[in-house]
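J.: Contents of input-v1.cif (mmCIF, C-alpha atoms) are below:
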data_start
loop_
_atom_site.group_PDB
_atom_site.id
_atom_site.type_symbol
_atom_site.label_atom_id
_atom_site.label_comp_id
_atom_site.auth_asym_id
_atom_site.auth_seq_id
_atom_site.Cartn_x
_atom_site.Cartn_y
_atom_site.Cartn_z
ATOM 1 C CA MET A 190 -15.809 23.177 -3.323
ATOM 2 C CA LYS A 191 -12.072 23.647 -3.303
ATOM 3 C CA THR A 192 -9.347 21.036 -3.557
ATOM 4 C CA ASP A 193 -7.023 20.691 -0.575
ATOM 5 C CA LYS A 194 -3.713 20.532 -2.438
ATOM 6 C CA GLU A 195 -1.630 19.485 0.569
ATOM 7 C CA LEU A 196 -3.917 16.540 1.269
ATOM 8 C CA LEU A 197 -3.973 15.633 -2.420
ATOM 9 C CA ILE A 198 -0.166 15.531 -2.542
ATOM 10 C CA LYS A 199 -0.165 13.385 0.594
ATOM 11 C CA GLY A 200 -2.619 11.009 -1.118
ATOM 12 C CA ILE A 201 -0.451 10.793 -4.225
ATOM 13 C CA LYS A 202 2.580 9.962 -2.080
ATOM 14 C CA HIS A 203 0.601 7.217 -0.361
ATOM 15 C CA ILE A 204 -0.426 5.856 -3.772
ATOM 16 C CA ALA A 205 3.270 5.628 -4.669
ATOM 17 C CA TYR A 206 3.919 3.635 -1.483
ATOM 18 C CA THR A 207 0.938 1.429 -2.306
ATOM 19 C CA ILE A 208 2.257 0.681 -5.783
ATOM 20 C CA ALA A 209 5.645 -0.229 -4.325
ATOM 21 C CA LEU A 210 3.950 -2.613 -1.886
ATOM 22 C CA MET A 211 1.780 -4.054 -4.659
ATOM 23 C CA PHE A 212 4.886 -5.067 -6.588
ATOM 24 C CA SER A 213 7.053 -6.164 -3.664
ATOM 25 C CA ALA A 214 4.510 -8.475 -1.991
ATOM 26 C CA PRO A 215 4.082 -10.862 -4.959
ATOM 27 C CA VAL A 216 7.843 -10.907 -5.566
ATOM 28 C CA VAL A 217 8.531 -11.883 -1.954
ATOM 29 C CA LEU A 218 5.811 -14.544 -2.027
ATOM 30 C CA TYR A 219 7.112 -15.934 -5.326
ATOM 31 C CA GLN A 220 10.638 -16.185 -3.939
ATOM 32 C CA ALA A 221 9.323 -17.908 -0.819
ATOM 33 C CA PHE A 222 7.336 -20.528 -2.710
ATOM 34 C CA LYS A 223 10.209 -21.092 -5.109
ATOM 35 C CA ASN A 224 12.429 -22.110 -2.149
ATOM 36 C CA GLU A 225 10.068 -24.253 -0.069
ATOM 37 C CA GLY A 226 12.841 -26.453 1.330
ATOM 38 C CA HIS A 227 14.822 -23.537 2.733
ATOM 39 C CA ALA A 228 15.000 -22.851 6.469
ATOM 40 C CA PHE A 229 13.623 -19.315 6.067
ATOM 41 C CA PHE A 230 10.552 -20.417 4.107
ATOM 42 C CA TRP A 231 7.958 -19.574 6.786
ATOM 43 C CA PRO A 232 9.403 -16.204 7.839
ATOM 44 C CA VAL A 233 9.540 -15.085 4.202
ATOM 45 C CA VAL A 234 5.961 -16.272 3.578
ATOM 46 C CA VAL A 235 4.780 -14.338 6.633
ATOM 47 C CA VAL A 236 6.615 -11.204 5.439
ATOM 48 C CA GLY A 237 5.033 -11.607 1.994
ATOM 49 C CA PHE A 238 1.532 -11.901 3.415
ATOM 50 C CA VAL A 239 2.086 -8.915 5.708
ATOM 51 C CA LEU A 240 3.256 -6.867 2.712
ATOM 52 C CA ALA A 241 0.153 -7.939 0.766
ATOM 53 C CA ILE A 242 -2.169 -6.943 3.615
ATOM 54 C CA LEU A 243 -0.349 -3.617 3.957
ATOM 55 C CA ALA A 244 -0.762 -3.011 0.222
ATOM 56 C CA ILE A 245 -4.517 -3.516 0.481
ATOM 57 C CA GLY A 246 -4.821 -1.305 3.553
ATOM 58 C CA MET A 247 -2.635 1.439 2.101
ATOM 59 C CA GLY A 248 -4.688 1.323 -1.096
ATOM 60 C CA PHE A 249 -7.917 2.032 0.746
ATOM 61 C CA TYR A 250 -6.266 4.702 2.898
ATOM 62 C CA SER A 251 -4.702 6.513 -0.065
ATOM 63 C CA ILE A 252 -7.992 6.513 -1.980
ATOM 64 C CA LYS A 253 -9.727 7.895 1.132
ATOM 65 C CA LEU A 254 -7.114 10.663 1.382
ATOM 66 C CA MET A 255 -7.603 11.632 -2.244
ATOM 67 C CA MET A 256 -11.392 11.613 -1.951
ATOM 68 C CA ASP A 257 -11.188 13.794 1.166
ATOM 69 C CA ALA A 258 -8.901 16.197 -0.683
ATOM 70 C CA LEU A 259 -11.191 16.430 -3.695
ATOM 71 C CA PHE A 260 -14.622 16.409 -2.068
ATOM 72 C CA SER A 261 -14.053 17.836 1.405
ATOM 73 C CA LYS A 262 -16.680 20.350 2.524
ATOM 74 C CA GLY A 263 -14.793 21.626 5.546
ATOM 75 C CA ASN A 264 -12.757 24.825 5.546
ATOM 76 C CA LYS A 265 -9.296 25.268 6.966
#
What is this structure when it is put down as structure tokens?
T.:
Amino acid sequence: MKTDKELLIKGIKHIAYTIALMFSAPVVLYQAFKNEGHAFFWPVVVVGFVLAILAIGMGFYSIKLMMDALFSKGNK
């Protein structure tokens, strides 16, 4: 069983994107709920929720990439 280093690096890059999304989504949602009377309240809330959903999806995808890199049985 050999580690696919290219796929592992790709997984680590995706984890970095996931961490960025995990921090940006709550910040955007906090700013939206802090300014509820503003005209752009709903668009900012929607963007915050989309960022949160993307963070969850990217988290699962990056973990899948890393598991495939570490435990893949296929040969190149």
J.: Of the candidates A:Asp257, A:Ile252, A:Pro215, A:Lys223, which one gets nearest to Gly237 of chain A if we count all atoms listed in the file?
T.: A:Pro215
J.: Taking all atoms listed in the file into account, name the residue in A:Glu225, A:Phe260, A:Lys253, A:Ser213 that is nearest to Phe238 of chain A.
T.: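 For Phe238 of chain A, the nearest of the given residues is A:Ser213.
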J.: I'd like the neighbourhood of Thr192 of chain A as a PyMOL selection string, where a residue qualifies if any of its atoms comes within 10 Å (using only C-alpha atoms), though same-chain residues fewer than 4 positions away should be ignored.
T.: chain A and resi 196-197+255-262
J.: Keeping only C-alpha atoms, write the selected residues as a PDB file, keeping the file's coordinate frame.
T.:
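Full text of again_13.pdb as output:
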ATOM      1  CA  LEU A 196      -3.917  16.540   1.269  1.00  0.00           C
ATOM      2  CA  LEU A 197      -3.973  15.633  -2.420  1.00  0.00           C
ATOM      3  CA  MET A 255      -7.603  11.632  -2.244  1.00  0.00           C
ATOM      4  CA  MET A 256     -11.392  11.613  -1.951  1.00  0.00           C
ATOM      5  CA  ASP A 257     -11.188  13.794   1.166  1.00  0.00           C
ATOM      6  CA  ALA A 258      -8.901  16.197  -0.683  1.00  0.00           C
ATOM      7  CA  LEU A 259     -11.191  16.430  -3.695  1.00  0.00           C
ATOM      8  CA  PHE A 260     -14.622  16.409  -2.068  1.00  0.00           C
ATOM      9  CA  SER A 261     -14.053  17.836   1.405  1.00  0.00           C
ATOM     10  CA  LYS A 262     -16.680  20.350   2.524  1.00  0.00           C
TER      11      LYS A 262
END
J.: Name the residues that the PyMOL selection byres ((chain A and resi 209) around 12) picks from the file above, as an mmCIF file with C-alpha atoms, keeping the file's coordinate frame, using the file's chain letters and numbers.
T.:
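Contents of part18.cif, as written:
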data_model
loop_
_atom_site.group_PDB
_atom_site.id
_atom_site.type_symbol
_atom_site.label_atom_id
_atom_site.label_comp_id
_atom_site.auth_asym_id
_atom_site.auth_seq_id
_atom_site.Cartn_x
_atom_site.Cartn_y
_atom_site.Cartn_z
ATOM 1 C CA LYS A 202 2.580 9.962 -2.080
ATOM 2 C CA HIS A 203 0.601 7.217 -0.361
ATOM 3 C CA ILE A 204 -0.426 5.856 -3.772
ATOM 4 C CA ALA A 205 3.270 5.628 -4.669
ATOM 5 C CA TYR A 206 3.919 3.635 -1.483
ATOM 6 C CA THR A 207 0.938 1.429 -2.306
ATOM 7 C CA ILE A 208 2.257 0.681 -5.783
ATOM 8 C CA LEU A 210 3.950 -2.613 -1.886
ATOM 9 C CA MET A 211 1.780 -4.054 -4.659
ATOM 10 C CA PHE A 212 4.886 -5.067 -6.588
ATOM 11 C CA SER A 213 7.053 -6.164 -3.664
ATOM 12 C CA ALA A 214 4.510 -8.475 -1.991
ATOM 13 C CA PRO A 215 4.082 -10.862 -4.959
ATOM 14 C CA VAL A 216 7.843 -10.907 -5.566
ATOM 15 C CA LEU A 240 3.256 -6.867 2.712
ATOM 16 C CA ALA A 241 0.153 -7.939 0.766
ATOM 17 C CA LEU A 243 -0.349 -3.617 3.957
ATOM 18 C CA ALA A 244 -0.762 -3.011 0.222
ATOM 19 C CA ILE A 245 -4.517 -3.516 0.481
ATOM 20 C CA MET A 247 -2.635 1.439 2.101
ATOM 21 C CA GLY A 248 -4.688 1.323 -1.096
#
J.: Suppose you want the space between atom CA of Ile242 of chain A and atom CA of Glu195 of chain A; what is it in Å?
T.: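 A separation of 26.6 Å between them.
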J.: Just need the box for segment 220-225 of chain A, edges along x, y and z, holding every atom the file lists for it with 8 Å tacked onto each side, so centre and edge lengths in Å to one decimal, as JSON.
T.:
{"center_x": 9.9, "center_y": -20.2, "center_z": -2.6, "size_x": 21.1, "size_y": 24.1, "size_z": 21.0}
J.: Report the distance between atom CA of Asp193 of chain A and atom CA of Tyr250 of chain A in Å, rounded to one decimal place.
T.: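 Atom CA of Tyr250 of chain A lies at a distance of 16.4 Å from atom CA of Asp193 of chain A.
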J.: Report, in Å to a single decimal, how far apart atom CA of Ser251 of chain A and atom CA of Leu218 of chain A are.
T.: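 Straight-line distance from atom CA of Leu218 of chain A to atom CA of Ser251 of chain A works out to 23.6 Å.
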J.: May I ask which of the residues A:Phe229, A:Lys194, A:Val236, A:Lys199 is the closest one to Leu254 of chain A, counting all atoms listed in the file?
T.: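 Closest to Leu254 of chain A of all the choices is A:Lys199.
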